[in-house]
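Content type compact mmCIF, C-alpha atoms, from the file my_file04.txt:
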# COMPACT_ATOMS: atom_id res chain seq x y z
CA MET A 1 -38.30 67.88 13.31
CA ARG A 2 -41.37 69.58 14.69
CA ARG A 3 -43.11 72.19 12.57
CA PRO A 4 -41.85 75.72 13.35
CA ARG A 5 -44.09 78.12 15.27
CA ILE A 6 -44.63 81.45 13.58
CA VAL A 7 -45.76 83.34 16.72
CA GLY A 8 -43.06 85.74 17.92
CA ARG A 9 -40.43 84.59 15.39
CA GLY A 10 -40.05 88.03 13.81
CA LEU A 11 -39.25 89.79 17.07
CA VAL A 12 -36.84 87.05 18.13
CA VAL A 13 -34.95 87.14 14.82
CA LEU A 14 -34.77 90.93 14.79
CA ALA A 15 -33.60 91.06 18.40
CA GLY A 16 -30.90 88.46 17.68
CA ALA A 17 -29.65 90.37 14.66
CA LEU A 18 -29.48 93.59 16.67
CA ALA A 19 -27.56 91.87 19.48
CA LEU A 20 -24.93 90.70 17.00
CA LYS A 21 -24.77 94.13 15.41
CA ALA A 22 -24.09 95.96 18.67
CA ARG A 23 -22.61 93.54 21.22
CA ALA A 24 -21.72 95.69 24.20
CA ALA A 25 -19.66 94.37 27.10
CA LEU A 26 -20.02 94.51 30.87
CA TRP A 27 -16.47 93.20 31.20
CA GLU A 28 -13.77 92.21 28.75
CA ASP A 29 -10.10 91.42 28.34
CA PRO A 30 -8.11 90.66 25.15
CA LEU A 31 -9.68 87.17 24.81
CA TRP A 32 -13.05 87.20 26.60
CA ALA A 33 -16.07 89.45 27.05
CA LEU A 34 -19.21 89.36 29.18
CA SER A 35 -22.30 91.15 27.90
CA GLY A 36 -25.83 91.54 29.17
CA HIS A 37 -29.22 91.90 27.55
CA ALA A 38 -32.69 92.63 28.92
CA SER A 39 -36.00 92.80 27.08
CA ALA A 40 -39.53 93.64 28.17
CA THR A 41 -42.47 92.53 26.01
CA ALA A 42 -46.19 93.27 26.25
CA GLY A 43 -48.94 92.03 23.99
CA TYR A 44 -52.28 90.36 23.40
CA ASP A 45 -52.92 86.72 22.43
CA SER A 46 -56.39 86.20 20.96
CA ASN A 47 -56.38 82.41 21.50
CA LEU A 48 -54.21 81.49 24.44
CA PHE A 49 -54.58 77.70 24.09
CA ALA A 50 -54.83 77.37 20.26
CA ILE A 51 -58.22 75.61 20.36
CA ASN A 52 -61.66 76.29 18.90
CA GLY A 53 -63.14 79.20 20.88
CA GLY A 54 -60.16 79.49 23.19
CA PRO A 55 -59.87 82.54 25.48
CA GLY A 56 -57.73 85.56 24.72
CA ASP A 57 -55.64 87.53 27.20
CA ALA A 58 -53.08 90.30 27.57
CA PHE A 59 -49.61 89.34 28.76
CA ALA A 60 -46.23 90.78 29.69
CA SER A 61 -42.79 89.19 29.90
CA PHE A 62 -39.33 90.19 31.07
CA ARG A 63 -36.13 88.39 30.05
CA PRO A 64 -32.65 89.29 31.39
CA SER A 65 -29.62 87.35 30.15
CA LEU A 66 -25.83 87.18 30.46
CA ASP A 67 -23.53 86.09 27.62
CA LEU A 68 -19.87 85.07 27.98
CA PHE A 69 -18.03 84.73 24.67
CA ARG A 70 -14.53 84.39 23.26
CA LYS A 71 -13.23 87.26 21.13
CA ASP A 72 -11.15 87.31 17.95
CA SER A 73 -10.42 83.59 17.88
CA LEU A 74 -10.76 80.77 15.36
CA LEU A 75 -12.44 78.79 18.14
CA SER A 76 -15.89 80.25 18.89
CA PHE A 77 -17.13 79.79 22.46
CA ASP A 78 -20.42 81.23 23.68
CA ALA A 79 -22.19 80.58 27.00
CA GLU A 80 -25.54 82.25 27.74
CA ALA A 81 -27.87 82.08 30.75
CA TRP A 82 -31.30 83.68 31.06
CA VAL A 83 -34.64 83.74 32.89
CA ASP A 84 -37.95 84.46 31.16
CA TRP A 85 -40.83 85.64 33.35
CA THR A 86 -44.29 85.73 31.77
CA ALA A 87 -47.52 86.91 33.42
CA PHE A 88 -51.10 87.11 32.11
CA LEU A 89 -53.79 89.63 33.01
CA SER A 90 -56.70 87.18 33.50
CA GLN A 91 -55.35 83.67 32.88
CA THR A 92 -52.94 83.84 35.81
CA GLY A 93 -52.74 80.04 35.97
CA SER A 94 -50.63 80.25 32.80
CA ASP A 95 -47.96 82.48 34.42
CA ALA A 96 -44.50 80.97 34.01
CA THR A 97 -40.87 81.31 35.08
CA ASP A 98 -38.54 79.72 32.51
CA PRO A 99 -34.75 79.64 33.09
CA GLY A 100 -32.24 78.37 30.58
CA PHE A 101 -28.57 77.86 29.77
CA ARG A 102 -26.80 77.23 26.47
CA MET A 103 -23.13 76.70 25.57
CA THR A 104 -21.87 76.39 21.99
CA LEU A 105 -18.46 75.80 20.44
CA SER A 106 -17.49 75.88 16.78
CA TYR A 107 -14.36 75.85 14.63
CA PRO A 108 -13.49 77.75 12.56
CA ALA A 109 -15.52 80.79 13.70
CA ASN A 110 -17.21 83.42 11.52
CA VAL A 111 -17.50 81.42 8.30
CA GLU A 112 -20.46 81.68 5.91
CA THR A 113 -20.34 78.13 4.52
CA TRP A 114 -19.84 75.50 7.24
CA THR A 115 -17.80 74.82 10.35
CA THR A 116 -15.63 71.71 10.58
CA GLN A 117 -16.41 71.16 14.28
CA ALA A 118 -19.51 72.24 16.22
CA ALA A 119 -20.96 71.28 19.61
CA GLU A 120 -23.83 72.45 21.81
CA VAL A 121 -25.03 71.70 25.33
CA HIS A 122 -28.16 73.26 26.76
CA TRP A 123 -30.85 72.98 29.39
CA THR A 124 -33.98 75.05 28.92
CA ARG A 125 -37.47 75.30 30.31
CA THR A 126 -40.10 76.81 28.02
CA THR A 127 -43.81 77.38 28.53
CA ALA A 128 -45.84 77.94 25.37
CA VAL A 129 -49.01 76.93 23.59
CA ASN A 130 -48.81 73.38 22.23
CA VAL A 131 -51.15 72.98 19.26
CA ASP A 132 -51.02 69.16 19.47
CA VAL A 133 -52.85 69.13 22.81
CA GLY A 134 -54.50 72.58 22.83
CA GLN A 135 -52.90 73.73 26.09
CA ARG A 136 -50.05 75.84 27.37
CA VAL A 137 -47.40 73.27 28.28
CA SER A 138 -44.08 73.55 30.09
CA VAL A 139 -41.24 71.40 28.80
CA GLU A 140 -37.72 70.93 30.11
CA ASP A 141 -35.20 70.15 27.37
CA ALA A 142 -31.71 68.78 28.09
CA LEU A 143 -29.57 68.40 24.95
CA ALA A 144 -26.00 67.59 23.94
CA LYS A 145 -24.96 67.36 20.30
CA TYR A 146 -21.84 67.28 18.17
CA GLU A 147 -21.20 67.42 14.43
CA GLY A 148 -17.79 67.58 12.80
CA ASP A 149 -15.37 66.36 10.17
CA ILE A 150 -13.78 63.11 11.36
CA LEU A 151 -11.86 62.22 8.17
CA GLU A 152 -10.68 64.34 5.26
CA THR A 153 -8.88 63.07 2.17
CA GLY A 154 -8.55 65.70 -0.55
CA LYS A 155 -12.02 66.69 -1.71
CA THR A 156 -13.78 63.91 0.23
CA THR A 157 -14.88 64.40 3.84
CA VAL A 158 -16.55 62.07 6.33
CA VAL A 159 -18.77 63.90 8.82
CA GLY A 160 -19.96 62.38 12.08
CA ARG A 161 -22.77 63.54 14.36
CA LEU A 162 -24.17 62.56 17.74
CA LEU A 163 -27.26 63.80 19.60
CA LEU A 164 -28.64 63.05 23.06
CA ASP A 165 -31.90 64.77 23.99
CA ARG A 166 -34.52 64.58 26.74
CA ASP A 167 -37.82 66.49 26.55
CA GLU A 168 -39.87 66.25 29.73
CA PHE A 169 -43.37 67.66 29.26
CA LEU A 170 -44.32 68.64 32.80
CA GLY A 171 -47.55 67.18 34.14
CA ALA A 172 -48.98 63.70 34.65
CA ALA A 173 -51.03 63.95 31.44
CA PHE A 174 -47.90 64.11 29.28
CA ASP A 175 -44.80 62.12 28.40
CA THR A 176 -41.03 62.27 28.78
CA ILE A 177 -39.25 61.70 25.46
CA ASP A 178 -35.65 60.42 25.28
CA THR A 179 -33.78 60.45 21.97
CA ALA A 180 -30.32 59.24 20.96
CA SER A 181 -29.08 59.65 17.40
CA LEU A 182 -25.85 58.68 15.65
CA GLY A 183 -25.14 59.52 12.02
CA THR A 184 -22.57 60.08 9.30
CA THR A 185 -22.34 61.69 5.87
CA VAL A 186 -19.76 61.12 3.14
CA ASN A 187 -19.30 64.43 1.29
CA TYR A 188 -17.55 65.54 -1.87
CA SER A 189 -16.46 69.18 -2.14
CA PRO A 190 -15.28 70.40 -5.58
CA ASN A 191 -14.26 73.90 -4.46
CA GLY A 192 -14.13 74.18 -0.65
CA VAL A 193 -17.30 76.32 -0.35
CA PHE A 194 -19.91 73.73 -1.40
CA ARG A 195 -20.21 70.05 -0.62
CA SER A 196 -22.77 67.30 -1.15
CA GLY A 197 -23.03 63.67 -0.15
CA VAL A 198 -25.07 60.78 1.20
CA GLY A 199 -25.95 60.30 4.86
CA TYR A 200 -27.20 57.66 7.27
CA ASP A 201 -28.71 58.25 10.73
CA LEU A 202 -29.81 55.76 13.38
CA THR A 203 -32.22 57.17 15.98
CA LEU A 204 -33.52 55.43 19.09
CA GLY A 205 -36.40 57.09 20.92
CA ARG A 206 -38.66 56.35 23.87
CA SER A 207 -41.86 58.12 24.91
CA GLN A 208 -42.67 57.28 28.52
CA PRO A 209 -45.93 58.51 30.15
CA ASN A 210 -45.34 60.55 33.30
CA SER A 211 -48.23 58.69 34.95
CA PRO A 212 -46.94 55.43 36.51
CA GLY A 213 -48.16 52.10 35.22
CA LEU A 214 -48.64 53.13 31.57
CA ALA A 215 -46.65 51.46 28.80
CA ALA A 216 -43.90 53.29 26.90
CA LEU A 217 -43.59 53.53 23.12
CA ASP A 218 -40.15 52.84 21.59
CA GLN A 219 -38.95 53.98 18.16
CA THR A 220 -36.08 52.76 16.01
CA GLU A 221 -35.54 54.91 12.94
CA GLN A 222 -33.06 54.49 10.09
CA ALA A 223 -32.83 57.44 7.70
CA PHE A 224 -31.02 57.58 4.35
CA THR A 225 -30.53 61.05 2.91
CA ILE A 226 -28.88 63.08 0.15
CA ARG A 227 -27.38 66.27 1.59
CA ALA A 228 -25.82 69.51 0.36
CA GLU A 229 -24.52 72.58 2.18
CA GLY A 230 -22.48 75.70 1.71
CA GLU A 231 -22.51 78.23 -1.10
CA PHE A 232 -24.95 77.09 -3.80
CA THR A 233 -24.32 80.37 -5.66
CA PRO A 234 -22.46 83.53 -4.56
CA LYS A 235 -25.81 84.83 -3.17
CA ILE A 236 -27.43 81.62 -1.90
CA THR A 237 -26.06 79.73 1.13
CA GLY A 238 -27.41 77.13 3.53
CA LYS A 239 -28.13 73.41 3.73
CA VAL A 240 -30.70 70.99 2.35
CA SER A 241 -31.41 67.28 2.76
CA VAL A 242 -33.96 64.83 1.38
CA GLY A 243 -34.42 61.10 1.80
CA ALA A 244 -36.43 58.28 3.33
CA ALA A 245 -36.71 56.88 6.84
CA TYR A 246 -37.90 53.51 8.11
CA SER A 247 -39.46 53.73 11.59
CA ASP A 248 -40.35 50.75 13.76
CA TYR A 249 -42.54 51.36 16.84
CA THR A 250 -42.98 48.83 19.67
CA GLY A 251 -44.44 48.94 23.18
CA SER A 252 -47.86 50.42 23.80
CA PHE A 253 -48.60 49.48 20.16
CA SER A 254 -46.67 48.13 17.16
CA ASN A 255 -46.29 49.81 13.79
CA SER A 256 -43.68 50.04 11.03
CA GLU A 257 -43.55 52.41 8.07
CA TRP A 258 -41.40 54.17 5.48
CA ASP A 259 -41.75 57.91 5.16
CA MET A 260 -40.10 60.83 3.42
CA VAL A 261 -37.76 63.05 5.49
CA ALA A 262 -36.41 66.41 4.37
CA GLY A 263 -34.99 69.65 5.68
CA ALA A 264 -33.86 73.02 4.33
CA ASP A 265 -32.39 76.20 5.80
CA VAL A 266 -31.38 78.47 2.92
CA ALA A 267 -30.67 82.22 2.75
CA TRP A 268 -30.76 84.23 -0.47
CA LYS A 269 -29.27 87.74 -0.55
CA PRO A 270 -30.30 89.13 -3.97
CA VAL A 271 -29.18 92.65 -3.02
CA ASP A 272 -27.67 93.98 0.19
CA PRO A 273 -29.31 94.37 2.75
CA LEU A 274 -32.32 92.26 1.59
CA VAL A 275 -32.36 88.66 2.87
CA ILE A 276 -34.88 85.96 1.90
CA ASP A 277 -34.90 82.86 4.13
CA LEU A 278 -36.49 79.49 3.42
CA GLN A 279 -36.94 76.94 6.20
CA ALA A 280 -38.65 73.63 5.52
CA GLY A 281 -38.83 70.22 7.11
CA ARG A 282 -40.58 66.87 7.14
CA ALA A 283 -40.00 64.14 9.74
CA PRO A 284 -41.78 61.89 12.25
CA SER A 285 -41.55 62.64 15.98
CA PHE A 286 -43.28 62.03 19.32
CA ASN A 287 -45.62 64.70 20.66
CA ALA A 288 -46.46 65.62 24.28
CA ASP A 289 -49.15 62.91 24.41
CA GLY A 290 -46.71 60.23 23.24
CA ASP A 291 -48.43 59.84 19.87
CA ILE A 292 -46.55 59.94 16.55
CA ASP A 293 -46.60 63.17 14.56
CA VAL A 294 -45.52 63.30 10.93
CA SER A 295 -45.08 67.03 10.24
CA THR A 296 -44.38 68.96 7.06
CA SER A 297 -43.71 72.69 7.33
CA VAL A 298 -42.47 75.58 5.17
CA ILE A 299 -41.62 79.12 6.28
CA LEU A 300 -40.59 81.86 3.85
CA ALA A 301 -39.31 85.10 5.41
CA VAL A 302 -38.06 88.42 4.04
CA THR A 303 -35.84 90.70 6.15
CA GLN A 304 -34.98 94.22 4.98
CA ASP A 305 -32.74 96.81 6.62
CA LEU A 306 -34.34 100.14 5.73
CA GLY A 307 -31.47 102.28 7.01
CA ARG A 308 -31.32 104.94 9.72
CA GLY A 309 -32.01 102.32 12.38
CA PHE A 310 -35.18 100.89 10.85
CA GLY A 311 -35.70 97.25 9.87
CA ILE A 312 -38.65 95.09 8.85
CA ARG A 313 -39.39 91.37 8.55
CA ALA A 314 -42.36 89.55 6.99
CA GLU A 315 -43.03 85.83 6.74
CA VAL A 316 -45.60 83.27 5.62
CA GLN A 317 -46.03 79.71 6.83
CA GLY A 318 -47.78 76.55 5.72
CA GLY A 319 -47.79 73.00 7.01
CA ARG A 320 -49.57 69.72 7.68
CA THR A 321 -49.33 67.33 10.63
CA THR A 322 -50.78 63.83 10.81
CA HIS A 323 -51.25 62.40 14.32
CA GLU A 324 -50.92 58.62 14.49
CA ARG A 325 -51.23 55.73 16.88
CA ARG A 326 -51.77 52.50 15.00
CA VAL A 327 -53.43 54.55 12.26
CA THR A 328 -53.87 58.26 11.52
CA TYR A 329 -56.63 59.65 13.78
CA ARG A 330 -56.24 63.38 13.09
CA THR A 331 -54.80 65.67 10.41
CA ASP A 332 -54.08 69.38 10.93
CA ASP A 333 -53.45 71.92 8.15
CA ILE A 334 -51.93 75.20 9.30
CA GLU A 335 -51.25 78.51 7.59
CA GLY A 336 -49.97 81.77 8.93
CA ALA A 337 -48.34 85.13 8.30
CA GLY A 338 -46.48 87.67 10.38
CA ILE A 339 -44.84 91.07 10.16
CA SER A 340 -42.54 92.89 12.57
CA ALA A 341 -40.56 96.11 12.57
CA ASN A 342 -37.75 97.45 14.72
CA TYR A 343 -35.96 100.70 15.40
CA ASP A 344 -32.41 100.94 16.79
CA PHE A 345 -32.20 104.10 18.90
CA THR A 346 -28.60 104.02 20.11
CA GLY A 347 -27.01 100.69 19.20
CA LYS A 348 -27.92 99.49 22.68
CA LEU A 349 -31.57 100.49 23.01
CA THR A 350 -34.05 99.05 20.48
CA ALA A 351 -37.81 98.83 20.11
CA SER A 352 -39.88 96.33 18.11
CA VAL A 353 -43.53 95.75 17.25
CA GLY A 354 -45.08 92.72 15.57
CA CYS A 355 -48.26 90.89 14.71
CA ASP A 356 -48.66 87.20 13.80
CA TRP A 357 -51.75 85.40 12.51
CA THR A 358 -52.35 81.65 12.26
CA HIS A 359 -55.25 79.45 11.17
CA GLN A 360 -55.45 75.69 11.69
CA ASP A 361 -58.04 73.40 10.10
CA SER A 362 -58.31 69.98 11.77
CA ASP A 363 -60.31 66.77 11.41
CA MET A 364 -61.30 67.31 15.08
CA SER A 365 -63.27 70.50 15.58
CA ARG A 366 -61.62 71.26 18.94
CA TYR A 367 -58.32 71.88 17.14
CA THR A 368 -59.71 74.09 14.37
CA TYR A 369 -58.92 77.65 15.39
CA ARG A 370 -57.78 81.15 14.42
CA ARG A 371 -55.25 83.12 16.43
CA TYR A 372 -53.38 86.39 16.30
CA VAL A 373 -50.69 87.69 18.62
CA ALA A 374 -49.73 91.39 18.75
CA THR A 375 -46.56 92.36 20.63
CA GLY A 376 -44.35 95.29 21.46
CA GLN A 377 -40.85 94.98 22.87
CA VAL A 378 -38.11 97.21 24.28
CA ALA A 379 -34.61 95.75 24.60
CA TYR A 380 -31.36 97.06 26.05
CA LYS A 381 -27.82 95.68 25.68
CA PHE A 382 -25.26 96.48 28.35

Take the structure in the file and write it out as structure tokens.
Amino acid sequence: MRRPRIVGRGLVVLAGALALKARAALWEDPLWALSGHASATAGYDSNLFAINGGPGDAFASFRPSLDLFRKDSLLSFDAEAWVDWTAFLSQTGSDATDPGFRMTLSYPANVETWTTQAAEVHWTRTTAVNVDVGQRVSVEDALAKYEGDILETGKTTVVGRLLLDRDEFLGAAFDTIDTASLGTTVNYSPNGVFRSGVGYDLTLGRSQPNSPGLAALDQTEQAFTIRAEGEFTPKITGKVSVGAAYSDYTGSFSNSEWDMVAGADVAWKPVDPLVIDLQAGRAPSFNADGDIDVSTSVILAVTQDLGRGFGIRAEVQGGRTTHERRVTYRTDDIEGAGISANYDFTGKLTASVGCDWTHQDSDMSRYTYRRYVATGQVAYKF
């Protein structure tokens, strides 16, 4: 799990919540509906490449999308396609066109605890600043994953999961990363809304340089975790996991190590409509250069519906990443904060503004930087 990026998260979350709140339809019948969404964003990025002394620039983006979904059914089906065009005022070499497609299925639909079956397939291209290499990098991600109950006996459930993923960082200086993961968890549920158990995951990964003739780095990881998900209390829902993973690396170099792995995605609703979200994670992964990153990150966010169409979101972030080959050669500490606000004019037309700030302190001066991003967005659902 890579550390989350705080830049732009507030606007994305607010826009997603508004789309669910007022999901218009271009076409529909009793079982299916097709909706559309378009957003235009303008802003200023003070450090376009997330490096020490990096240039700033103004930018604008436009993103139209179409969404086909199943209505009023226990089986949720959602297929979305989009294109994201981004242009910069001065740094025109960073302009990007990023298409994408995602299809998800889950059963049963519209539950607050957990689904018994869930699957996702997507292909996306994204272009964004990559703090590991201090550049704007395009990456094409092809993913297929499944998680679901494969055996249920009373209060005990066996869950299986499978993931296939390819991240191709475009450019000869970077790598293509292939990952295959197979796992299972044995859960015990005392009441049907909360369950906990022990899990095992086997992950095979390969980081192959895009330049010919360079050696690949292979990873075999075995992770043992304690997991819990569902309704922890009537006002706290989500999932958490914690455990240890043994990773063995072979190829361009050899290394083996145990490390802690953890994850959390928890929502607390102390009073309606206030929501406090906690997202946290720690895990090893490959970065765009093919090195090993061990990242720890925490994001705490507060979302408040103020009524009469107004909403606000604020968040803080902290994290640490160690970059390794045979040994650790660089450590980055990052902190950040962001705030965004939105106004719903008609249920279809919304406007949002936001500002995010990040600071990274690194062992290598090139990667010590400060950055803020200010944005404004108008979105329309049709």

Residue among A:Pro209, A:Gly134, A:Pro99, A:Gly307 lying closest to A:His122, counting all atoms listed in the file: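 Among the listed residues, A:Pro99 lies closest to A:His122.
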
Residues near A:Ser365, cut-off 12 Å, all atoms listed in the file, skip fewer than 5 positions along chain, as a PyMOL selection string: chain A and resi 50-53+134+330-332+360

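Of the listed residues (A:Glu315, A:Glu324, A:Asp259, A:Asp45), A:Asp259 comes nearest to A:Ala283; the distances count all atoms listed in the file.
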
Of the listed residues A:Phe88, A:Pro212, A:Thr237, A:Glu147, that which approaches A:Val111 most closely, counting all atoms listed in the file: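 Of the candidates, the smallest distance to A:Val111 is held by A:Thr237.
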
(-48.3, 77.9, 6.0) in this file's frame - what residues fall within 9 Å of it? Use all atoms listed in the file and give the answer as a short mmCIF file (atom, residue, chain, number, x, y, z; two decimals) with C-alpha atoms, in the frame of the given file.
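Writing the result to selection39.cif gives the following:
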data_model
loop_
_atom_site.label_atom_id
_atom_site.label_comp_id
_atom_site.auth_asym_id
_atom_site.auth_seq_id
_atom_site.Cartn_x
_atom_site.Cartn_y
_atom_site.Cartn_z
CA SER A 297 -43.71 72.69 7.33
CA VAL A 298 -42.47 75.58 5.17
CA ILE A 299 -41.62 79.12 6.28
CA LEU A 300 -40.59 81.86 3.85
CA VAL A 316 -45.60 83.27 5.62
CA GLN A 317 -46.03 79.71 6.83
CA GLY A 318 -47.78 76.55 5.72
CA GLY A 319 -47.79 73.00 7.01
CA ARG A 320 -49.57 69.72 7.68
CA ASP A 333 -53.45 71.92 8.15
CA ILE A 334 -51.93 75.20 9.30
CA GLU A 335 -51.25 78.51 7.59
CA GLY A 336 -49.97 81.77 8.93
CA ALA A 337 -48.34 85.13 8.30
CA THR A 358 -52.35 81.65 12.26
CA HIS A 359 -55.25 79.45 11.17
#

Spatial neighbours of A:Gly197, max dist 12 Å, only C-alpha atoms, sep filter under 4 positions, as a list in words: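 Selected residues are Lys155, Thr156, Thr157, Val158, Val159, Thr184, Thr185, Val186, Asn187, Tyr188, Ser189, Pro190, Phe224, Thr225, Ile226, Arg227, Ala228, Glu229, Lys239, Val240, Ser241, Val242 and Gly243 of chain A.
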
Best match for closeness to A:Val131 among A:Glu112, A:Asp293, A:Glu231, A:Asp344, counting only C-alpha atoms: A:Asp293

Among the residues A:Gly354, A:Ala79, A:Ala144, A:Tyr343, the one that comes closest to A:Ala33 [using all atoms listed in the file]: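 Ranking A:Gly354, A:Ala79, A:Ala144, A:Tyr343 by distance to A:Ala33, first place goes to A:Ala79.
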
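Atom CA of A:Thr303 to atom CA of A:Pro273 spans 8.2 Å [interatomic distance, one decimal].
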
Coordinates-based distance that separates atom CA of A:Ala38 from atom CA of A:Val373 (Å, one decimal):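 Computed distance, atom CA of A:Val373 to atom CA of A:Ala38, equals 21.3 Å.
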
Coordinates-based distance that separates atom CA of A:Thr115 from atom CA of A:Val261 (Å, one decimal): 23.7 Å

Selected residue of minimal separation from A:Val275 among A:Ala25, A:Leu162, A:Leu306, A:Ala262, counting only C-alpha atoms: A:Leu306

Shell of 6 Å around A:Arg371, all atoms listed in the file, local chain residues under 5 positions omitted, as a list in words: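 Returned residues: Ser46, Asn47, Trp357 and Thr358 of chain A.
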
Excluding A:Leu163 and its own-chain neighbours fewer than 4 positions away, which residues fall within 12 Å of it when counting all atoms listed in the file? Please give them as a PDB file with C-alpha atoms, in the coordinates of the input.
ATOM      1  CA  ALA A 118     -19.510  72.240  16.220  1.00  0.00           C
ATOM      2  CA  ALA A 119     -20.960  71.280  19.610  1.00  0.00           C
ATOM      3  CA  GLU A 120     -23.830  72.450  21.810  1.00  0.00           C
ATOM      4  CA  VAL A 121     -25.030  71.700  25.330  1.00  0.00           C
ATOM      5  CA  HIS A 122     -28.160  73.260  26.760  1.00  0.00           C
ATOM      6  CA  ALA A 142     -31.710  68.780  28.090  1.00  0.00           C
ATOM      7  CA  LEU A 143     -29.570  68.400  24.950  1.00  0.00           C
ATOM      8  CA  ALA A 144     -26.000  67.590  23.940  1.00  0.00           C
ATOM      9  CA  LYS A 145     -24.960  67.360  20.300  1.00  0.00           C
ATOM     10  CA  TYR A 146     -21.840  67.280  18.170  1.00  0.00           C
ATOM     11  CA  GLU A 147     -21.200  67.420  14.430  1.00  0.00           C
ATOM     12  CA  ASP A 178     -35.650  60.420  25.280  1.00  0.00           C
ATOM     13  CA  THR A 179     -33.780  60.450  21.970  1.00  0.00           C
ATOM     14  CA  ALA A 180     -30.320  59.240  20.960  1.00  0.00           C
ATOM     15  CA  SER A 181     -29.080  59.650  17.400  1.00  0.00           C
ATOM     16  CA  LEU A 182     -25.850  58.680  15.650  1.00  0.00           C
ATOM     17  CA  GLY A 183     -25.140  59.520  12.020  1.00  0.00           C
ATOM     18  CA  THR A 184     -22.570  60.080   9.300  1.00  0.00           C
ATOM     19  CA  ASP A 201     -28.710  58.250  10.730  1.00  0.00           C
ATOM     20  CA  LEU A 202     -29.810  55.760  13.380  1.00  0.00           C
ATOM     21  CA  THR A 203     -32.220  57.170  15.980  1.00  0.00           C
ATOM     22  CA  LEU A 204     -33.520  55.430  19.090  1.00  0.00           C
ATOM     23  CA  GLY A 205     -36.400  57.090  20.920  1.00  0.00           C
TER      24      GLY A 205
END

Neighbours of point (-51.2, 95.1, 13.6) within 10 Å, using only C-alpha atoms, written as a ChimeraX atom specification: /A:338-340,353-357,372-375

Non-local contacts of A:Trp268 (10 Å; all atoms listed in the file; under 5 positions in same chain excluded) as a list in words: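 The contact residues come out as Phe232, Thr233, Pro234, Lys235, Ile236, Thr237, Gly238, Leu274, Val275, Ile276, Asp277, Leu278 and Val302 of chain A.
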